[in-house]
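**Q** My structure is in work.txt, and what it holds is compact mmCIF, C-alpha atoms:
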# COMPACT_ATOMS: atom_id res chain seq x y z
CA ILE A 127 181.45 4.91 121.70
CA LYS A 128 180.17 1.39 121.02
CA TYR A 129 178.10 -0.70 123.40
CA ALA A 130 177.72 -4.48 123.25
CA GLY A 131 175.25 -6.04 125.64
CA GLY A 132 174.83 -2.90 127.71
CA GLU A 133 173.35 0.57 127.73
CA VAL A 134 173.57 3.77 129.72
CA SER A 135 170.41 4.04 131.77
CA SER A 136 169.04 5.37 135.02
CA GLY A 137 167.42 2.02 135.71
CA GLU A 138 164.72 2.29 138.31
CA GLN A 139 163.25 5.64 139.27
CA ASN A 140 165.42 6.07 142.35
CA SER A 141 168.62 4.70 140.78
CA GLY A 142 171.54 6.70 139.51
CA LEU A 143 172.83 6.79 135.95
CA GLY A 144 174.97 3.79 135.10
CA LEU A 145 175.78 1.04 132.62
CA TYR A 146 173.13 -1.70 132.61
CA ALA A 147 173.45 -5.10 130.93
CA THR A 148 170.85 -5.83 128.25
CA GLN A 149 171.86 -9.46 127.82
CA SER A 150 173.79 -12.18 129.60
CA LEU A 151 177.49 -11.44 129.72
CA ALA A 152 180.27 -13.97 129.89
CA PRO A 153 183.66 -13.34 131.53
CA ASN A 154 185.96 -11.20 129.35
CA ASP A 155 183.11 -10.00 127.10
CA ILE A 156 183.71 -6.51 125.74
CA VAL A 157 180.86 -4.32 126.96
CA ILE A 158 181.95 -0.85 125.92
CA GLN A 159 184.58 0.49 123.53
CA VAL A 160 185.81 4.08 123.37
CA PRO A 161 187.90 4.87 120.26
CA THR A 162 191.27 6.25 121.25
CA LYS A 163 190.96 9.00 118.65
CA LEU A 164 187.96 10.43 120.52
CA THR A 165 189.74 10.74 123.85
CA LEU A 166 191.82 13.61 125.17
CA SER A 167 195.17 12.20 126.12
CA VAL A 168 198.50 13.41 127.40
CA GLU A 169 201.17 10.76 126.96
CA SER A 170 204.56 11.05 128.61
CA PRO A 171 207.40 11.48 128.35
CA THR A 172 207.78 12.10 124.60
CA ASP A 173 204.31 12.22 123.02
CA TYR A 174 202.30 15.42 123.14
CA ASN A 175 199.42 17.16 121.45
CA THR A 176 200.89 19.06 118.51
CA VAL A 177 197.79 21.24 118.12
CA MET A 178 198.31 22.73 121.59
CA GLU A 179 201.95 23.32 120.85
CA ARG A 180 201.24 24.98 117.53
CA GLU A 181 198.32 27.13 118.62
CA LEU A 182 199.23 28.09 122.18
CA PHE A 183 202.95 27.49 122.74
CA GLU A 184 204.62 27.96 119.39
CA THR A 185 207.28 30.23 120.89
CA ASN A 186 208.07 27.81 123.72
CA PRO A 187 206.75 24.29 123.01
CA LYS A 188 208.65 22.75 125.91
CA ALA A 189 206.37 24.59 128.33
CA TYR A 190 203.49 22.40 127.18
CA ARG A 191 205.52 19.23 126.70
CA ASN A 192 206.94 19.38 130.22
CA ALA A 193 203.69 20.29 131.98
CA PRO A 194 202.15 17.70 134.36
CA TRP A 195 199.42 15.60 132.78
CA TRP A 196 196.61 17.41 134.63
CA ALA A 197 197.92 20.81 133.53
CA ALA A 198 198.27 19.69 129.91
CA LEU A 199 194.72 18.31 129.97
CA SER A 200 193.52 21.60 131.43
CA ILE A 201 195.10 23.38 128.47
CA GLN A 202 193.39 21.02 126.04
CA LEU A 203 190.01 21.42 127.75
CA ASN A 204 190.23 25.20 127.70
CA TYR A 205 191.36 25.22 124.07
CA TYR A 206 188.37 23.16 122.91
CA ASP A 207 185.99 24.98 125.24
CA LYS A 208 186.98 28.60 124.64
CA ILE A 209 189.13 28.83 121.52
CA ASN A 210 188.34 26.16 118.95
CA PRO A 211 185.96 23.21 119.53
CA ILE A 212 187.24 21.28 116.50
CA ASN A 213 189.51 18.36 117.33
CA GLU A 214 191.64 17.96 114.21
CA ALA A 215 193.23 14.72 115.36
CA ALA A 216 189.99 12.86 116.14
CA GLY A 217 188.73 12.13 112.63
CA GLY A 218 185.31 10.73 111.92
CA GLY A 219 183.64 13.87 110.59
CA GLY A 220 182.03 16.79 112.33
CA GLY A 221 184.58 19.42 111.39
CA ASN A 222 184.80 21.60 108.33
CA ASP A 223 187.28 19.32 106.59
CA GLY A 224 185.40 16.08 107.20
CA ASN A 225 188.40 14.62 109.01
CA SER A 226 187.84 16.21 112.41
CA VAL A 227 185.18 16.21 115.08
CA THR A 228 183.61 18.95 117.17
CA MET A 229 184.07 18.72 120.92
CA LYS A 230 181.32 21.24 121.67
CA PRO A 231 178.51 18.83 122.71
CA TRP A 232 180.77 17.16 125.25
CA MET A 233 182.28 20.45 126.44
CA ASP A 234 178.78 21.87 126.94
CA SER A 235 177.90 18.91 129.17
CA LEU A 236 180.73 19.60 131.63
CA PRO A 237 180.09 21.37 134.95
CA ARG A 238 181.07 25.03 134.95
CA VAL A 239 181.64 25.30 138.70
CA TYR A 240 183.14 22.91 141.24
CA ASP A 241 182.76 23.14 145.00
CA THR A 242 186.13 21.60 145.82
CA PRO A 243 188.21 22.64 148.87
CA ILE A 244 190.52 24.81 146.77
CA HIS A 245 187.62 27.29 146.53
CA TRP A 246 186.76 27.26 150.23
CA SER A 247 187.52 30.24 152.41
CA GLU A 248 190.14 30.04 155.13
CA SER A 249 187.44 30.21 157.79
CA THR A 250 185.59 27.27 156.22
CA LEU A 251 188.76 25.21 156.08
CA ALA A 252 189.49 26.10 159.70
CA GLU A 253 186.10 24.71 160.72
CA LEU A 254 187.25 21.27 159.62
CA GLN A 255 189.82 21.33 162.42
CA TYR A 256 191.95 19.00 160.33
CA ARG A 257 195.42 20.35 159.68
CA PRO A 258 196.42 17.82 156.95
CA MET A 259 193.49 18.98 154.81
CA THR A 260 194.37 22.64 155.30
CA GLU A 261 197.99 21.99 154.37
CA ALA A 262 196.99 19.92 151.33
CA VAL A 263 194.74 22.68 150.02
CA ALA A 264 197.45 25.31 150.54
CA LEU A 265 199.94 23.11 148.68
CA GLN A 266 197.51 22.57 145.82
CA ARG A 267 196.86 26.30 145.50
CA ARG A 268 200.59 27.07 145.35
CA LEU A 269 201.28 24.27 142.88
CA TRP A 270 198.48 25.20 140.48
CA LYS A 271 199.30 28.92 140.63
CA ARG A 272 203.00 28.26 140.07
CA GLN A 273 202.20 26.00 137.12
CA TYR A 274 199.88 28.57 135.54
CA ASP A 275 202.39 31.38 136.03
CA ALA A 276 205.08 29.29 134.31
CA LEU A 277 202.80 28.56 131.35
CA ALA A 278 201.68 32.19 131.13
CA ALA A 279 205.28 33.41 131.17
CA ALA A 280 206.13 30.95 128.40
CA SER A 281 203.27 32.14 126.19
CA PRO A 282 201.81 35.47 127.35
CA THR A 283 200.00 36.24 124.11
CA ALA A 284 198.74 32.95 122.71
CA PHE A 285 197.96 31.29 126.06
CA ALA A 286 197.71 33.74 128.96
CA SER A 287 195.62 36.28 127.05
CA ARG A 288 192.98 33.64 126.27
CA VAL A 289 193.07 31.34 129.30
CA SER A 290 192.82 32.97 132.72
CA TYR A 291 193.99 31.44 135.97
CA ASP A 292 190.36 30.66 136.90
CA ASP A 293 189.91 28.95 133.54
CA PHE A 294 193.05 26.94 134.18
CA VAL A 295 191.80 25.86 137.61
CA TRP A 296 188.48 24.80 136.06
CA GLY A 297 190.39 22.68 133.55
CA CYS A 298 192.53 21.10 136.26
CA GLU A 299 189.47 20.21 138.31
CA THR A 300 187.74 18.78 135.25
CA ALA A 301 190.80 16.73 134.37
CA ARG A 302 191.28 15.49 137.92
CA SER A 303 187.63 14.43 138.22
CA ARG A 304 187.25 12.82 134.78
CA ALA A 305 190.66 11.45 133.85
CA PHE A 306 193.37 9.32 135.33
CA SER A 307 197.10 8.90 135.09
CA GLY A 308 198.19 5.35 134.44
CA ALA A 309 201.49 3.90 135.57
CA TYR A 310 202.45 3.55 131.94
CA SER A 311 200.89 5.77 129.31
CA GLY A 312 203.06 4.95 126.33
CA SER A 313 202.33 2.70 123.38
CA ALA A 314 201.73 -1.03 123.55
CA PHE A 315 204.63 -3.35 124.36
CA ASN A 316 207.09 -3.32 121.47
CA PRO A 317 209.10 -6.57 121.14
CA VAL A 318 211.36 -5.20 118.38
CA PRO A 319 214.16 -3.85 120.67
CA TYR A 320 214.33 -7.12 122.58
CA ALA A 321 214.35 -9.20 119.38
CA THR A 322 217.11 -6.98 118.05
CA VAL A 323 219.17 -7.58 121.19
CA GLY A 324 218.70 -11.32 120.76
CA ALA A 325 219.83 -11.17 117.15
CA CYS A 326 222.88 -9.08 118.04
CA VAL A 327 223.84 -11.51 120.81
CA ALA A 328 223.55 -14.43 118.39
CA ALA A 329 225.69 -12.65 115.80
CA TYR A 330 228.21 -11.62 118.46
CA LEU A 331 228.68 -15.19 119.60
CA GLY A 332 228.45 -16.72 116.14
CA LEU A 333 231.25 -14.54 114.83
CA GLY A 334 233.38 -15.30 117.86
CA MET A 335 233.64 -11.65 118.86
CA GLY A 336 233.52 -12.32 122.59
CA THR A 337 232.50 -14.64 125.41
CA VAL A 338 229.03 -15.66 126.50
CA GLU A 339 229.47 -13.65 129.71
CA GLN A 340 230.28 -10.49 127.75
CA ALA A 341 227.29 -10.97 125.48
CA ALA A 342 225.01 -11.61 128.48
CA ASN A 343 226.26 -8.49 130.26
CA GLY A 344 225.64 -6.33 127.21
CA ALA A 345 222.18 -7.78 126.61
CA ALA A 346 221.23 -7.32 130.27
CA LEU A 347 222.31 -3.68 130.14
CA VAL A 348 220.20 -2.98 127.05
CA VAL A 349 217.14 -4.83 128.38
CA CYS A 350 217.32 -3.08 131.77
CA GLY A 351 217.66 0.29 130.03
CA SER A 352 214.61 -0.42 127.86
CA ILE A 353 212.52 -1.46 130.86
CA LEU A 354 213.62 1.63 132.76
CA LYS A 355 212.74 3.91 129.83
CA ASP A 356 209.43 2.28 128.89
CA PHE A 357 207.96 1.35 132.27
CA VAL A 358 209.76 2.87 135.26
CA LEU A 359 210.44 6.46 134.18
CA PRO A 360 206.90 7.11 132.84
CA LYS A 361 205.56 6.06 136.26
CA LEU A 362 207.95 8.35 138.12
CA LEU A 363 207.36 11.29 135.77
CA LYS A 364 203.57 10.98 135.42
Kindly present the structure from the file in structure tokens form.

**A**
Amino acid sequence: IKYAGGEVSSGEQNSGLGLYATQSLAPNDIVIQVPTKLTLSVESPTDYNTVMERELFETNPKAYRNAPWWAALSIQLNYYDKINPINEAAGGGGGNDGNSVTMKPWMDSLPRVYDTPIHWSESTLAELQYRPMTEAVALQRRLWKRQYDALAAASPTAFASRVSYDDFVWGCETARSRAFSGAYSGSAFNPVPYATVGACVAAYLGLGMGTVEQAANGAALVVCGSILKDFVLPKLLK
């Protein structure tokens, strides 16, 4: 992590921990940079962490690929916390091969227990006298248990024998409190498909293979399909 014109500090005695400027900052100045290779990431719909697939879901890789982002992050967190702290994909040293980094210092800094409503007793929830909260907690419990059971059934030996349901819940809570799901989690905008469509349209018209209307209809179909695939579906399937 690189800082430019700022530092992590508690400031005054009664202030909380935060990022404080150490110099004057202009609009659009970069204050902090976090290398992508040092982050835990679950990208949808096609990218996935191959280490998790190989080590925990080799017999059924689709179980990991198709898991919701928070469940996949829970799997990653539990893998680095309880099975192997070395992140092979990170690079930058720290591992045995010099091309990986250990996640242990960061994992050790994470809370081990959360006091979120999913852990509250039924009597405590009833004291809230707020039915939407009670229903939301019940739904979350069913969803997380169903997701864990599906993962455990897909990999009873490599996954379920090493990551308990309580471990999985801890990972989900950690992911939910320290990560986010963006509307689009794929790679940066790629102009190549659109440039290719333009070139094909030009060739189509130049060779007299059809009318302008036909070329426009075909180009519109391809462009709309690309937008749907790259921007709309990842948002719906996040």

**Q** Pick from A:Val168, A:Ala346, A:Leu254, A:Leu182: nearest to A:Trp195, with only C-alpha atoms counted?

**A**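 Once distances to A:Trp195 are computed over only C-alpha atoms, the minimum belongs to A:Val168.
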
**Q** Kindly indicate which residue among A:Leu151, A:Leu203, A:Leu265, A:Ile158 lies nearest to A:Phe294, using all atoms listed in the file for the distances.

**A**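 The answer is A:Leu203, which sits nearest to A:Phe294.
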
**Q** Mind giving me the straight-line distance from atom CA of A:Tyr205 to atom CA of A:Met178 in Å, one decimal?

**A**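 For atom CA of A:Tyr205 relative to atom CA of A:Met178, the distance reads 7.8 Å.
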
**Q** For the atom pair atom CA of A:Tyr320 and atom CA of A:Val349, what is the interatomic distance in Å to one decimal place?

**A** 6.8 Å

**Q** Might you pull out every residue within 9 Å of A:Val327, with all atoms listed in the file counted and same-chain residues fewer than 2 positions away left off, and present them as a list in words?

**A**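 In the requested format, the answer is Thr322, Val323, Gly324, Ala325, Ala329, Tyr330, Leu331, Gly332, Val338, Ala341, Ala342, Gly344 and Ala345 of chain A.
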
**Q** Could you check which of A:Pro187, A:Pro237, A:Gly132, A:Gly142 is closest to A:Ala301, using only C-alpha atoms?

**A**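 Closest to A:Ala301 of all the choices is A:Pro237.
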
**Q** What lies within 9 Å of A:Tyr274 using all atoms listed in the file, ignoring chain neighbours under 6 positions off, as a PyMOL selection string?

**A** chain A and resi 197+286+290-291+294-295

**Q** Mind pulling up the distance from atom CA of A:Thr300 to atom CA of A:Gln273?

**A**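 According to the coordinates, atom CA of A:Gln273 and atom CA of A:Thr300 are separated by 16.3 Å.
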
**Q** Could the centre and edge lengths of an axis-aligned box, enclosing all atoms of stretch 183-196 of chain A in the file with 4 Å extra on each side, be given in Å to one decimal as AutoDock Vina command-line options?

**A**
--center_x 202.6 --center_y 22.9 --center_z 127.0 --size_x 20.0 --size_y 22.6 --size_z 23.2
